file work17.txt (compact mmCIF, C-alpha atoms)
# COMPACT_ATOMS: atom_id res chain seq x y z
CA MET A 1 10.60 -206.24 -29.33
CA THR A 2 13.87 -205.61 -27.54
CA TYR A 3 15.07 -202.14 -26.56
CA HIS A 4 18.71 -201.25 -25.96
CA SER A 5 18.40 -197.87 -24.23
CA VAL A 6 16.00 -195.74 -22.25
CA GLU A 7 16.16 -193.24 -25.12
CA GLU A 8 14.98 -195.93 -27.55
CA ILE A 9 11.97 -196.72 -25.34
CA LEU A 10 11.07 -193.04 -24.88
CA SER A 11 11.53 -192.36 -28.59
CA GLU A 12 9.10 -195.18 -29.42
CA LYS A 13 6.57 -193.68 -26.97
CA LYS A 14 6.92 -190.23 -28.60
CA ASN A 15 6.45 -191.74 -32.07
CA VAL A 16 3.31 -193.65 -31.10
CA LEU A 17 1.69 -190.58 -29.52
CA ALA A 18 2.66 -188.45 -32.55
CA ARG A 19 0.99 -191.01 -34.84
CA LEU A 20 -2.11 -190.98 -32.64
CA ASP A 21 -2.21 -187.16 -32.74
CA ASP A 22 -1.71 -187.08 -36.51
CA ARG A 23 -4.40 -189.69 -37.12
CA LEU A 24 -7.01 -187.92 -35.01
CA ARG A 25 -6.25 -184.34 -36.03
CA THR A 26 -8.89 -184.19 -38.77
CA VAL A 27 -11.43 -186.73 -37.57
CA ASP A 28 -14.91 -185.34 -36.93
CA GLU A 29 -16.02 -185.22 -33.27
CA SER A 30 -19.12 -187.33 -33.97
CA LEU A 31 -16.97 -190.11 -35.39
CA LEU A 32 -14.75 -190.01 -32.31
CA ARG A 33 -17.78 -190.92 -30.17
CA LEU A 34 -19.17 -193.54 -32.58
CA ARG A 35 -19.45 -197.11 -31.32
CA VAL A 36 -19.13 -199.62 -34.14
CA GLN A 37 -20.72 -202.24 -31.86
CA THR A 38 -22.92 -201.70 -28.83
CA ASP A 39 -20.44 -203.20 -26.38
CA ALA A 40 -17.35 -201.70 -28.06
CA TRP A 41 -15.45 -198.61 -27.03
CA SER A 42 -15.50 -195.48 -29.15
CA ILE A 43 -12.28 -193.67 -30.06
CA ALA A 44 -13.05 -191.18 -27.28
CA ASP A 45 -13.40 -194.10 -24.85
CA ILE A 46 -10.04 -195.51 -25.95
CA LEU A 47 -8.38 -192.13 -25.41
CA GLU A 48 -9.91 -191.81 -21.94
CA HIS A 49 -8.77 -195.35 -21.12
CA LEU A 50 -5.24 -194.49 -22.26
CA VAL A 51 -5.20 -191.49 -19.92
CA LEU A 52 -6.44 -193.55 -16.96
CA ALA A 53 -3.97 -196.35 -17.63
CA GLU A 54 -0.97 -194.14 -18.40
CA ARG A 55 -1.58 -192.00 -15.33
CA ALA A 56 -1.46 -195.16 -13.21
CA MET A 57 1.58 -196.52 -15.09
CA LEU A 58 3.48 -193.25 -14.57
CA LEU A 59 2.82 -193.45 -10.82
CA LEU A 60 3.91 -197.08 -10.85
CA ILE A 61 7.10 -196.29 -12.80
CA GLU A 62 7.92 -193.49 -10.34
CA SER A 63 7.35 -195.90 -7.44
CA LEU A 64 9.50 -198.62 -8.99
CA LEU A 65 12.16 -196.04 -9.76
CA ARG A 66 12.32 -195.12 -6.07
CA LYS A 67 12.78 -198.83 -5.26
CA ALA A 68 15.32 -199.54 -8.01
CA ARG A 69 18.97 -199.61 -7.22
CA THR A 70 21.15 -197.12 -8.99
CA ILE A 71 23.79 -198.64 -11.22
CA SER A 72 26.56 -197.07 -9.11
CA GLU A 73 25.25 -198.97 -6.05
CA GLN A 74 25.70 -202.33 -7.74
CA GLU A 75 28.81 -204.44 -7.28
CA ASN A 76 28.86 -205.56 -10.91
CA PRO A 77 26.80 -203.19 -13.01
CA SER A 78 25.68 -204.72 -16.28
CA PRO A 79 27.44 -203.12 -19.25
CA THR A 80 24.50 -203.83 -21.54
CA PHE A 81 20.95 -202.58 -21.55
CA GLU A 82 18.20 -204.84 -22.77
CA VAL A 83 14.46 -204.66 -22.19
CA ALA A 84 12.26 -207.20 -23.94
CA LEU A 85 8.48 -207.45 -24.14
CA ASP A 86 8.25 -210.34 -26.60
CA ASP A 87 5.92 -212.48 -24.46
CA VAL A 88 3.60 -209.56 -23.75
CA ILE A 89 3.49 -208.51 -27.40
CA GLU A 90 2.82 -212.05 -28.59
CA ARG A 91 -0.09 -212.53 -26.16
CA SER A 92 -1.46 -209.11 -27.11
CA ARG A 93 -1.66 -209.97 -30.80
CA THR A 94 -4.55 -212.38 -30.41
CA ALA A 95 -6.01 -211.96 -26.94
CA LYS A 96 -8.86 -209.71 -25.94
CA PHE A 97 -8.56 -208.49 -22.37
CA SER A 98 -11.10 -207.36 -19.83
CA THR A 99 -10.01 -204.01 -18.43
CA PRO A 100 -10.08 -203.53 -14.67
CA GLU A 101 -12.87 -201.20 -13.57
CA ARG A 102 -10.56 -198.34 -12.57
CA PHE A 103 -9.25 -198.12 -16.17
CA ARG A 104 -12.64 -198.21 -17.89
CA PRO A 105 -13.78 -195.03 -19.62
CA THR A 106 -16.73 -193.04 -18.31
CA ASP A 107 -17.69 -191.63 -21.73
CA GLN A 108 -17.42 -188.18 -20.18
CA ALA A 109 -13.89 -187.02 -21.01
CA PRO A 110 -13.56 -184.40 -23.74
CA ILE A 111 -11.34 -185.74 -26.51
CA GLU A 112 -9.04 -182.73 -26.64
CA ASP A 113 -8.56 -182.99 -22.86
CA SER A 114 -7.59 -186.64 -23.21
CA LEU A 115 -5.05 -185.86 -25.93
CA LYS A 116 -3.66 -182.95 -23.90
CA GLU A 117 -3.29 -185.14 -20.82
CA LEU A 118 -1.59 -187.89 -22.84
CA ARG A 119 0.96 -185.29 -23.99
CA GLU A 120 1.45 -184.09 -20.40
CA LEU A 121 1.92 -187.64 -19.10
CA GLN A 122 4.45 -188.28 -21.84
CA ALA A 123 6.37 -185.12 -20.87
CA GLN A 124 6.46 -186.31 -17.26
CA LEU A 125 7.72 -189.71 -18.38
CA VAL A 126 10.43 -188.13 -20.53
CA GLY A 127 11.36 -185.99 -17.52
CA LEU A 128 12.27 -189.19 -15.67
CA ARG A 129 14.93 -190.07 -18.27
CA PRO A 130 18.03 -189.12 -16.22
CA ARG A 131 16.83 -191.13 -13.23
CA LEU A 132 15.83 -194.06 -15.44
CA GLU A 133 19.22 -194.08 -17.13
CA ALA A 134 20.94 -194.15 -13.73
CA ALA A 135 18.79 -197.01 -12.40
CA ASP A 136 18.99 -200.77 -12.63
CA LEU A 137 15.71 -201.29 -14.47
CA THR A 138 15.62 -204.96 -13.51
CA SER A 139 15.90 -204.52 -9.73
CA ALA A 140 12.28 -203.59 -9.02
CA SER A 141 9.13 -205.18 -10.39
CA PHE A 142 5.35 -205.17 -10.04
CA ARG A 143 2.79 -207.69 -11.18
CA HIS A 144 0.67 -206.76 -14.18
CA TRP A 145 -2.90 -208.03 -13.77
CA THR A 146 -2.62 -210.11 -16.98
CA PHE A 147 1.04 -210.48 -17.92
CA GLY A 148 2.48 -211.23 -14.49
CA PRO A 149 5.60 -209.63 -13.02
CA LEU A 150 7.16 -206.88 -15.13
CA ASN A 151 10.33 -205.10 -14.08
CA LEU A 152 10.76 -201.33 -14.26
CA GLY A 153 12.24 -201.46 -17.77
CA GLN A 154 9.40 -203.63 -19.01
CA TRP A 155 6.79 -201.32 -17.49
CA LEU A 156 8.48 -198.39 -19.20
CA ALA A 157 8.35 -200.19 -22.56
CA PHE A 158 4.81 -201.39 -21.88
CA VAL A 159 3.49 -197.80 -21.91
CA SER A 160 4.20 -197.41 -25.63
CA HIS A 161 3.15 -201.00 -26.41
CA HIS A 162 -0.22 -200.35 -24.74
CA GLU A 163 -0.65 -197.10 -26.64
CA ARG A 164 0.36 -198.76 -29.93
CA ARG A 165 -2.18 -201.56 -29.36
CA HIS A 166 -4.96 -199.03 -28.87
CA LEU A 167 -3.81 -196.99 -31.86
CA ALA A 168 -4.38 -200.13 -33.94
CA GLN A 169 -7.90 -200.38 -32.51
CA ILE A 170 -8.54 -196.74 -33.42
CA GLU A 171 -7.29 -197.43 -36.95
CA ALA A 172 -9.69 -200.36 -37.20
CA ILE A 173 -12.62 -198.18 -36.09
CA LEU A 174 -11.73 -195.51 -38.62
CA GLU A 175 -11.27 -198.04 -41.41
CA SER A 176 -14.60 -199.71 -40.64
CA SER A 177 -16.20 -196.25 -40.78
CA GLY A 178 -14.67 -195.59 -44.17
CA VAL A 179 -12.27 -192.89 -42.95
CA ARG A 180 -9.00 -192.69 -44.83
CA GLY A 181 -6.06 -190.50 -43.97
CA VAL A 182 -2.73 -190.57 -42.23
CA GLN A 183 -1.69 -194.17 -41.79
CA SER A 184 0.43 -195.44 -38.92
call {"tool": "encode", "arguments": {"input": "work17.txt", "output": "structure tokens"}}
result
Amino acid sequence: MTYHSVEEILSEKKNVLARLDDRLRTVDESLLRLRVQTDAWSIADILEHLVLAERAMLLLIESLLRKARTISEQENPSPTFEVALDDVIERSRTAKFSTPERFRPTDQAPIEDSLKELRELQAQLVGLRPRLEAADLTSASFRHWTFGPLNLGQWLAFVSHHERRHLAQIEAILESSGVRGVQS
């Protein structure tokens, strides 16, 4: 997927979280903690993982934003905006990843707290929009533990990709449990 503006990336993030909220609004609490396999995460675990990961990604994005050059500082600012995650998305379609320990759920977080914090993290991310739009999103990067170096724009887009990937896992859990409802 290729994005052509910061607004497009942030809009995608808002849409994914709205779909997640809509999907979970009427799901029974016991189902949210159900593990379809002994070594699998429950929906509550996935939500807690999203909070842990997105909290870290927000801090990383803020750090990369401090390091990024502003467009006005560049000699030849690029007139186009393009952020692509095609390689990351392609690898994510088929691969199963082992999550680093610091992003693993504890099975202790209340579900409503996780959803509330995801909304708060999104609001903080959206609050960075003016600074993101004024920055060269390619001038600072950080290595992802699986996908290698990602620049600031790619990290920004990765937040919604990561959430979308886990929304698909939640959908699969609900479908395997026979729950029908709002589809993403």
call {"tool": "atom_distance", "arguments": {"input": "work17.txt", "atom1": "CA of Leu137 (chain A)", "atom2": "CA of Gly153 (chain A)"}}
result
4.8 Å
call {"tool": "residues_around", "arguments": {"input": "work17.txt", "residues": "region 3-10 of chain A", "least_positions_apart": "3", "cutoff": "6 Å", "atoms": "all atoms listed in the file", "output": "ChimeraX atom specification"}}
result
/A:13,81-83,157
call {"tool": "residues_around", "arguments": {"input": "work17.txt", "residues": "Leu47 (chain A)", "least_positions_apart": "5", "cutoff": "10 Å", "atoms": "only C-alpha atoms", "output": "list in words"}}
result
Leu20, Leu32, Trp41, Ser42, Leu52, Ala53, Pro105, Ala109, Pro110, Ile111, Glu112, Asp113, Ser114, Leu115, Glu117, Leu118, Glu163, His166, Leu167 and Ile170 of chain A
call {"tool": "atom_distance", "arguments": {"input": "work17.txt", "atom1": "CA of Ala84 (chain A)", "atom2": "CA of Ile61 (chain A)"}}
result
16.4 Å
call {"tool": "closest_residue", "arguments": {"input": "work17.txt", "among": "A:Val159, A:Leu121, A:Ala68, A:Ala172", "to": "Asp136 (chain A)", "atoms": "all atoms listed in the file"}}
result
A:Ala68
